[in-house]
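data-v3.txt (compact mmCIF, C-alpha atoms) appears below.
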# COMPACT_ATOMS: atom_id res chain seq x y z
CA MET Q 1 13.27 34.96 11.26
CA GLU Q 2 12.30 37.20 14.13
CA ASP Q 3 9.18 36.75 16.23
CA GLN Q 4 6.18 38.65 14.91
CA GLU Q 5 4.25 41.04 17.14
CA VAL Q 6 0.48 41.33 16.73
CA VAL Q 7 -1.56 44.03 18.47
CA ILE Q 8 -5.09 42.98 19.46
CA GLY Q 9 -7.02 45.87 21.04
CA GLU Q 10 -4.84 47.25 23.80
CA GLN Q 11 -2.95 44.00 24.35
CA GLU Q 12 0.28 43.15 22.59
CA VAL Q 13 0.68 39.47 21.75
CA VAL Q 14 3.98 37.94 20.67
CA MET Q 15 3.54 35.05 18.22
CA GLU Q 16 6.39 32.60 17.97
CA ASP Q 17 7.50 31.35 14.58
CA GLN Q 18 5.37 28.46 13.39
CA PRO Q 19 7.04 25.35 11.91
CA PRO Q 20 7.02 25.31 8.11
CA PRO Q 21 4.31 23.16 6.48
CA VAL Q 22 5.25 19.68 5.31
CA GLN Q 23 6.34 19.84 1.70
CA VAL Q 24 4.70 17.41 -0.71
CA SER Q 25 6.71 15.33 -3.15
CA GLU Q 26 7.42 16.39 -6.69
CA ASP Q 27 4.72 16.12 -9.36
CA THR Q 28 4.94 12.62 -10.89
CA SER Q 29 2.12 13.04 -13.43
CA ALA Q 30 4.51 12.75 -16.40
CA HIS Q 31 5.62 9.31 -15.18
CA TYR Q 32 2.12 7.91 -15.77
CA ALA Q 33 1.19 9.70 -19.03
CA ASN Q 34 0.50 7.11 -21.75
CA ASN Q 35 -1.80 6.09 -24.59
CA TYR Q 36 -2.10 2.44 -23.60
CA GLU Q 37 -5.32 0.47 -23.91
CA TRP Q 38 -6.27 -2.70 -22.07
CA LYS Q 39 -9.03 -5.19 -22.87
CA ASP Q 40 -9.15 -6.45 -19.30
CA LYS Q 41 -9.59 -4.30 -16.22
CA LYS Q 42 -7.06 -6.44 -14.34
CA ASP Q 43 -4.36 -5.60 -16.88
CA ALA Q 44 -4.95 -1.88 -16.34
CA LYS Q 45 -4.58 -2.30 -12.58
CA LEU Q 46 -1.46 -4.42 -13.04
CA TRP Q 47 0.14 -1.73 -15.19
CA ALA Q 48 -0.71 0.98 -12.65
CA ARG Q 49 0.74 -1.00 -9.75
CA SER Q 50 3.92 -1.79 -11.68
CA GLN Q 51 4.42 1.90 -12.50
CA VAL Q 52 4.01 3.16 -8.93
CA LEU Q 53 6.35 0.46 -7.64
CA LYS Q 54 9.09 2.19 -9.63
CA LYS Q 55 8.35 5.25 -7.48
CA MET Q 56 8.35 3.21 -4.25
CA CYS Q 57 4.59 3.49 -3.81
CA ILE Q 58 1.67 1.13 -3.34
CA ILE Q 59 -1.79 1.90 -4.74
CA VAL Q 60 -5.22 0.34 -4.30
CA GLN Q 61 -8.65 0.77 -5.86
CA ASN Q 62 -10.86 3.20 -3.97
CA LYS Q 63 -14.63 3.17 -3.48
CA GLN Q 64 -15.38 5.24 -6.60
CA VAL Q 65 -16.03 2.20 -8.82
CA THR Q 66 -18.60 1.73 -11.59
CA ASN Q 67 -18.97 -0.51 -14.64
CA LYS Q 68 -17.35 2.19 -16.75
CA SER Q 69 -14.67 3.67 -14.50
CA PHE Q 70 -12.47 3.16 -11.46
CA GLN Q 71 -9.77 5.04 -9.57
CA MET Q 72 -6.43 3.97 -8.13
CA VAL Q 73 -5.15 5.82 -5.05
CA ARG Q 74 -2.40 5.47 -2.47
CA GLU Q 75 -3.04 2.98 0.32
CA CYS Q 76 -2.66 5.83 2.81
CA SER Q 77 -5.25 8.06 1.11
CA GLU Q 78 -8.47 9.34 2.71
CA LYS Q 79 -8.92 9.50 6.49
CA TYR Q 80 -9.20 7.05 9.35
CA GLU Q 81 -12.66 5.48 9.76
CA ILE Q 82 -13.96 3.51 12.70
CA HIS Q 83 -15.28 0.20 11.36
CA TRP Q 84 -18.06 -0.39 13.84
CA LYS Q 85 -21.49 -1.90 13.34
CA LYS Q 86 -24.04 0.79 12.51
CA GLY Q 87 -26.80 1.30 15.04
CA SER Q 88 -24.78 -0.02 17.97
CA GLU Q 89 -22.93 1.84 20.67
CA TYR Q 90 -19.16 2.03 20.24
CA LYS Q 91 -17.25 0.90 23.32
CA PRO Q 92 -13.46 1.16 22.98
CA LYS Q 93 -11.44 -1.67 24.49
CA THR Q 94 -8.80 0.68 25.83
CA ALA Q 95 -8.91 4.19 27.21
CA ARG Q 96 -7.12 6.56 24.88
CA LYS Q 97 -7.27 10.22 24.01
CA LYS Q 98 -10.05 11.24 21.68
CA GLY Q 99 -8.90 11.78 18.12
CA VAL Q 100 -5.58 9.92 18.52
CA TYR Q 101 -5.47 6.81 16.33
CA ASN Q 102 -2.76 4.41 15.27
CA THR Q 103 -3.36 4.67 11.53
CA LYS Q 104 -1.37 4.85 8.32
CA LYS Q 105 -3.88 7.16 6.66
CA THR Q 106 -2.38 10.51 5.65
CA GLY Q 107 -5.01 11.77 3.21
CA CYS Q 108 -2.63 11.46 0.26
CA HIS Q 109 -3.89 13.26 -2.87
CA PHE Q 110 -2.38 10.90 -5.46
CA LYS Q 111 -5.03 9.49 -7.82
CA LEU Q 112 -5.24 7.84 -11.26
CA LYS Q 113 -8.58 7.70 -13.09
CA PHE Q 114 -9.41 4.94 -15.61
CA LYS Q 115 -12.40 4.69 -17.96
CA PHE Q 116 -13.94 2.18 -20.34
CA ASN Q 117 -14.29 3.05 -24.03
CA ASP Q 118 -17.62 1.66 -25.30
CA ASP Q 119 -16.65 1.99 -28.95
CA LYS Q 120 -13.33 0.17 -28.76
CA LYS Q 121 -14.33 -2.02 -25.79
CA VAL Q 122 -11.07 -1.23 -24.00
CA TRP Q 123 -9.93 0.40 -20.76
CA TYR Q 124 -7.68 3.46 -20.81
CA MET Q 125 -6.30 5.94 -18.29
CA GLU Q 126 -8.35 9.11 -18.62
CA LYS Q 127 -6.08 11.36 -16.56
CA VAL Q 128 -3.81 11.72 -13.57
CA VAL Q 129 -6.09 13.50 -11.11
CA SER Q 130 -3.13 14.29 -8.85
CA GLY Q 131 0.50 13.27 -9.13
CA TYR Q 132 1.49 14.74 -5.76
CA HIS Q 133 2.03 13.04 -2.38
CA ASN Q 134 1.60 14.77 0.99
CA HIS Q 135 4.24 12.60 2.66
CA LEU Q 136 7.82 11.52 2.15
CA ILE Q 137 8.45 8.71 -0.33
CA PRO Q 138 10.25 5.74 1.30
CA GLU Q 139 13.64 4.75 -0.03
CA SER Q 140 12.75 1.06 0.10
CA LEU Q 141 9.67 -1.19 0.32
CA ILE Q 142 11.45 -4.04 2.10
CA ASN Q 143 9.08 -5.95 4.38
CA HIS Q 144 6.08 -3.93 3.20
CA PRO Q 145 2.86 -5.99 3.70
CA TYR Q 146 2.04 -5.83 -0.03
CA SER Q 147 5.33 -5.66 -1.89
CA ALA Q 148 7.00 -8.29 0.33
CA ARG Q 149 4.48 -10.98 -0.58
CA LEU Q 150 5.84 -14.06 -2.31
CA ASN Q 151 4.56 -15.14 -5.72
CA PRO Q 152 3.43 -18.76 -6.30
CA LEU Q 153 6.84 -19.81 -7.64
CA GLU Q 154 8.69 -18.36 -4.64
CA LYS Q 155 6.26 -20.08 -2.26
CA ASP Q 156 6.96 -23.42 -3.90
CA LEU Q 157 10.70 -22.79 -3.65
CA VAL Q 158 10.40 -22.02 0.06
CA ARG Q 159 8.65 -25.35 0.65
CA VAL Q 160 11.07 -27.37 -1.45
CA LEU Q 161 14.16 -25.78 0.09
CA SER Q 162 12.71 -26.07 3.59
CA LYS Q 163 12.45 -29.84 3.16
CA ARG Q 164 16.16 -29.82 2.35
CA ARG Q 165 16.83 -27.87 5.58
CA THR Q 166 18.11 -24.82 3.72
CA ARG Q 167 18.68 -21.79 5.95
CA ARG Q 168 16.29 -18.87 5.68
CA ILE Q 169 19.09 -16.44 4.84
CA ASP Q 170 20.17 -18.67 1.93
CA ILE Q 171 16.59 -18.90 0.62
CA LEU Q 172 16.20 -15.13 0.75
CA SER Q 173 19.56 -14.60 -0.95
CA GLY Q 174 18.45 -16.87 -3.78
CA PHE Q 175 15.27 -14.82 -4.25
CA LYS Q 176 17.30 -11.60 -4.41
CA VAL Q 177 19.47 -13.09 -7.16
CA LEU Q 178 16.49 -14.32 -9.20
CA ASN Q 179 14.54 -11.09 -8.69
CA PRO Q 180 16.55 -7.99 -7.65
CA GLN Q 181 13.27 -6.13 -7.01
CA ASN Q 182 12.18 -8.64 -4.37
CA SER Q 183 11.17 -6.81 -1.16
CA SER Q 184 10.84 -9.83 1.11
CA SER Q 185 12.67 -10.19 4.40
CA LEU Q 186 13.65 -13.03 6.71
CA GLU Q 187 10.32 -12.60 8.47
CA THR Q 188 8.51 -13.29 5.18
CA ILE Q 189 10.43 -16.55 4.72
CA TYR Q 190 9.80 -17.53 8.34
CA ASN Q 191 6.04 -16.97 8.04
CA GLU Q 192 5.81 -19.02 4.85
CA ARG Q 193 7.77 -21.88 6.42
CA GLU Q 194 5.51 -21.84 9.47
CA LYS Q 195 2.45 -21.91 7.25
CA PHE Q 196 3.82 -24.90 5.34
CA ARG Q 197 4.76 -26.70 8.55
CA LYS Q 198 1.26 -26.36 10.01
CA GLU Q 199 -0.33 -27.53 6.76
CA SER Q 200 1.85 -30.65 6.87
CA TRP Q 201 0.38 -31.53 10.27
CA GLU Q 202 -3.03 -31.98 8.61
CA GLU Q 203 -5.45 -32.38 11.53
CA ARG Q 204 -2.85 -33.39 14.10
CA VAL Q 205 -2.10 -31.20 17.08
CA LEU Q 206 1.36 -30.05 18.15
CA MET Q 207 1.83 -32.88 20.69
CA GLN Q 208 1.10 -35.51 18.06
Write out the structure in this file as structure tokens.
Amino acid sequence: MEDQEVVIGEQEVVMEDQPPPVQVSEDTSAHYANNYEWKDKKDAKLWARSQVLKKMCIIVQNKQVTNKSFQMVRECSEKYEIHWKKGSEYKPKTARKKGVYNTKKTGCHFKLKFKFNDDKKVWYMEKVVSGYHNHLIPESLINHPYSARLNPLEKDLVRVLSKRRTRRIDILSGFKVLNPQNSSSLETIYNEREKFRKESWEERVLMQ
């Protein structure tokens, strides 16, 4: 595409081609369409999280919560907010450029809306507010802070196998066989073993 020329008054300005906007992902609304009903709010959230995991996504509950409704959005939705005590002066610890933050927030539009039916006393998904994402979908969730967490059974296995001096790579391989969808990494196993080791010290210090 050739450069475009724009005439402003008597001056001629040459505008270089701008980079194309970031394309959002495909519409995934059909993936979540259902007629399910849940008696417990936790079951509705569990279903929503299990569905988005199939699309390599993680969702959380946003602030729009009442006794009759709630919304599930991507963890990277909304914008970055400075969590600082109200009424006090903000003093940054480091000097950095204004408006540049190390954040995962992308303002993703994805949103699921759930409501409570007073007649049936059940929860149901009212609609998919938006099935689009304004960012690329990852190919894997390995070592993601949420998906890589170990369940209670896996935590117990880590402790039992650690007592038998089983290597971390062997423990992780066993988890992958039992659960092919496991997203843990060697770092996850290492952190759990360290946690167990410190708990076994009770109140003793490292020297003791």
Nearby residues, (-4.7, -3.7, -13.9) file frame, 12 Å, only C-alpha atoms, as a VMD selection string: chain Q and resid 36 to 51 59 to 61 70 to 72 112 114 123 to 125
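Atom pair CA of Glu78 (chain Q) / CA of His133 (chain Q): separated by 12.2 Å.
By chain and then residue number, the residues within 10 Å of region 106-109 of chain Q are Val24, Val73, Arg74, Glu75, Cys76, Ser77, Glu78, Lys79, Tyr80, Thr103, Lys104, Lys111, Val129, Ser130, Gly131, Tyr132, His133, Asn134 and His135 of chain Q, counting all atoms listed in the file and disregarding those fewer than 2 positions away in sequence.
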For the selection you just gave me, I'd like the residues written to a file as a tab-separated table (two decimals), keeping the file's coordinate frame, keeping C-alpha atoms.
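Output (part.tsv):
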chain	number	residue	atom	x	y	z
Q	24	VAL	CA	4.70	17.41	-0.71
Q	73	VAL	CA	-5.15	5.82	-5.05
Q	74	ARG	CA	-2.40	5.47	-2.47
Q	75	GLU	CA	-3.04	2.98	0.32
Q	76	CYS	CA	-2.66	5.83	2.81
Q	77	SER	CA	-5.25	8.06	1.11
Q	78	GLU	CA	-8.47	9.34	2.71
Q	79	LYS	CA	-8.92	9.50	6.49
Q	80	TYR	CA	-9.20	7.05	9.35
Q	103	THR	CA	-3.36	4.67	11.53
Q	104	LYS	CA	-1.37	4.85	8.32
Q	111	LYS	CA	-5.03	9.49	-7.82
Q	129	VAL	CA	-6.09	13.50	-11.11
Q	130	SER	CA	-3.13	14.29	-8.85
Q	131	GLY	CA	0.50	13.27	-9.13
Q	132	TYR	CA	1.49	14.74	-5.76
Q	133	HIS	CA	2.03	13.04	-2.38
Q	134	ASN	CA	1.60	14.77	0.99
Q	135	HIS	CA	4.24	12.60	2.66
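Between CA of Ser69 (chain Q) and CA of Phe116 (chain Q) the separation is 6.1 Å.
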Using all atoms listed in the file, which residues sit within 12 Å of Ser140 (chain Q) once same-chain residues fewer than 5 positions away are excluded, as a PDB file with C-alpha atoms, in the frame of the given file?
ATOM      1  CA  LEU Q  53       6.350   0.460  -7.640  1.00  0.00           C
ATOM      2  CA  LYS Q  54       9.090   2.190  -9.630  1.00  0.00           C
ATOM      3  CA  LYS Q  55       8.350   5.250  -7.480  1.00  0.00           C
ATOM      4  CA  MET Q  56       8.350   3.210  -4.250  1.00  0.00           C
ATOM      5  CA  CYS Q  57       4.590   3.490  -3.810  1.00  0.00           C
ATOM      6  CA  ILE Q  58       1.670   1.130  -3.340  1.00  0.00           C
ATOM      7  CA  SER Q 147       5.330  -5.660  -1.890  1.00  0.00           C
ATOM      8  CA  ALA Q 148       7.000  -8.290   0.330  1.00  0.00           C
ATOM      9  CA  GLN Q 181      13.270  -6.130  -7.010  1.00  0.00           C
ATOM     10  CA  ASN Q 182      12.180  -8.640  -4.370  1.00  0.00           C
ATOM     11  CA  SER Q 183      11.170  -6.810  -1.160  1.00  0.00           C
ATOM     12  CA  SER Q 184      10.840  -9.830   1.110  1.00  0.00           C
TER      13      SER Q 184
END
For region 192-202 of chain Q, take all atoms listed in the file, fit an axis-aligned box around them, add 5 Å to each of the six sides, then output centre and edge lengths in Å rounded to one decimal, as lines of an AutoDock Vina configuration file.
center_x = 2.4
center_y = -25.5
center_z = 7.6
size_x = 20.8
size_y = 23.0
size_z = 15.4
Can you pull out the residues contacting Ile169 (chain Q)? Cut-off 9 Å, using all atoms listed in the file, and skip same-chain residues under 4 positions away; I want them as a list in words. Ser173, Gly174, Ser185, Leu186 and Ile189 of chain Q
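The spacing separating CA of Asn62 (chain Q) from CA of Pro152 (chain Q) amounts to 26.3 Å.
If you measure from each of Q:Lys127, Q:Lys176, Q:Arg149, Q:Lys105 to Tyr32 (chain Q) using all atoms listed in the file, the closest one turns out to be Q:Lys127.
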Tell me, as a PDB file with C-alpha atoms, keeping the file's coordinate frame, which residues lie within 9 Å of Arg159 (chain Q), counting all atoms listed in the file; anything in the same chain fewer than 2 positions away does not count.
ATOM      1  CA  GLU Q 154       8.690 -18.360  -4.640  1.00  0.00           C
ATOM      2  CA  LYS Q 155       6.260 -20.080  -2.260  1.00  0.00           C
ATOM      3  CA  ASP Q 156       6.960 -23.420  -3.900  1.00  0.00           C
ATOM      4  CA  LEU Q 157      10.700 -22.790  -3.650  1.00  0.00           C
ATOM      5  CA  LEU Q 161      14.160 -25.780   0.090  1.00  0.00           C
ATOM      6  CA  SER Q 162      12.710 -26.070   3.590  1.00  0.00           C
ATOM      7  CA  LYS Q 163      12.450 -29.840   3.160  1.00  0.00           C
ATOM      8  CA  ARG Q 164      16.160 -29.820   2.350  1.00  0.00           C
ATOM      9  CA  GLU Q 192       5.810 -19.020   4.850  1.00  0.00           C
ATOM     10  CA  ARG Q 193       7.770 -21.880   6.420  1.00  0.00           C
ATOM     11  CA  PHE Q 196       3.820 -24.900   5.340  1.00  0.00           C
ATOM     12  CA  ARG Q 197       4.760 -26.700   8.550  1.00  0.00           C
TER      13      ARG Q 197
END
Which one of Q:Asn67, Q:Pro145, Q:Ser200, Q:Thr28 sits closest to Asn117 (chain Q) if you count all atoms listed in the file? Q:Asn67
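Nearest to Val158 (chain Q) of all the residues Q:His31, Q:Lys195, Q:Lys115, Q:Lys63 is Q:Lys195, based on all atoms listed in the file.
Take the candidates Q:Ala33, Q:Leu172, Q:Leu141, Q:Leu153 and check each one against Glu187 (chain Q) using only C-alpha atoms; the shortest distance goes to Q:Leu172.
Closest approach to Val52 (chain Q) among Q:Phe110, Q:Asp170, Q:Glu199, Q:Met207 is made by Q:Phe110 (distances from all atoms listed in the file).
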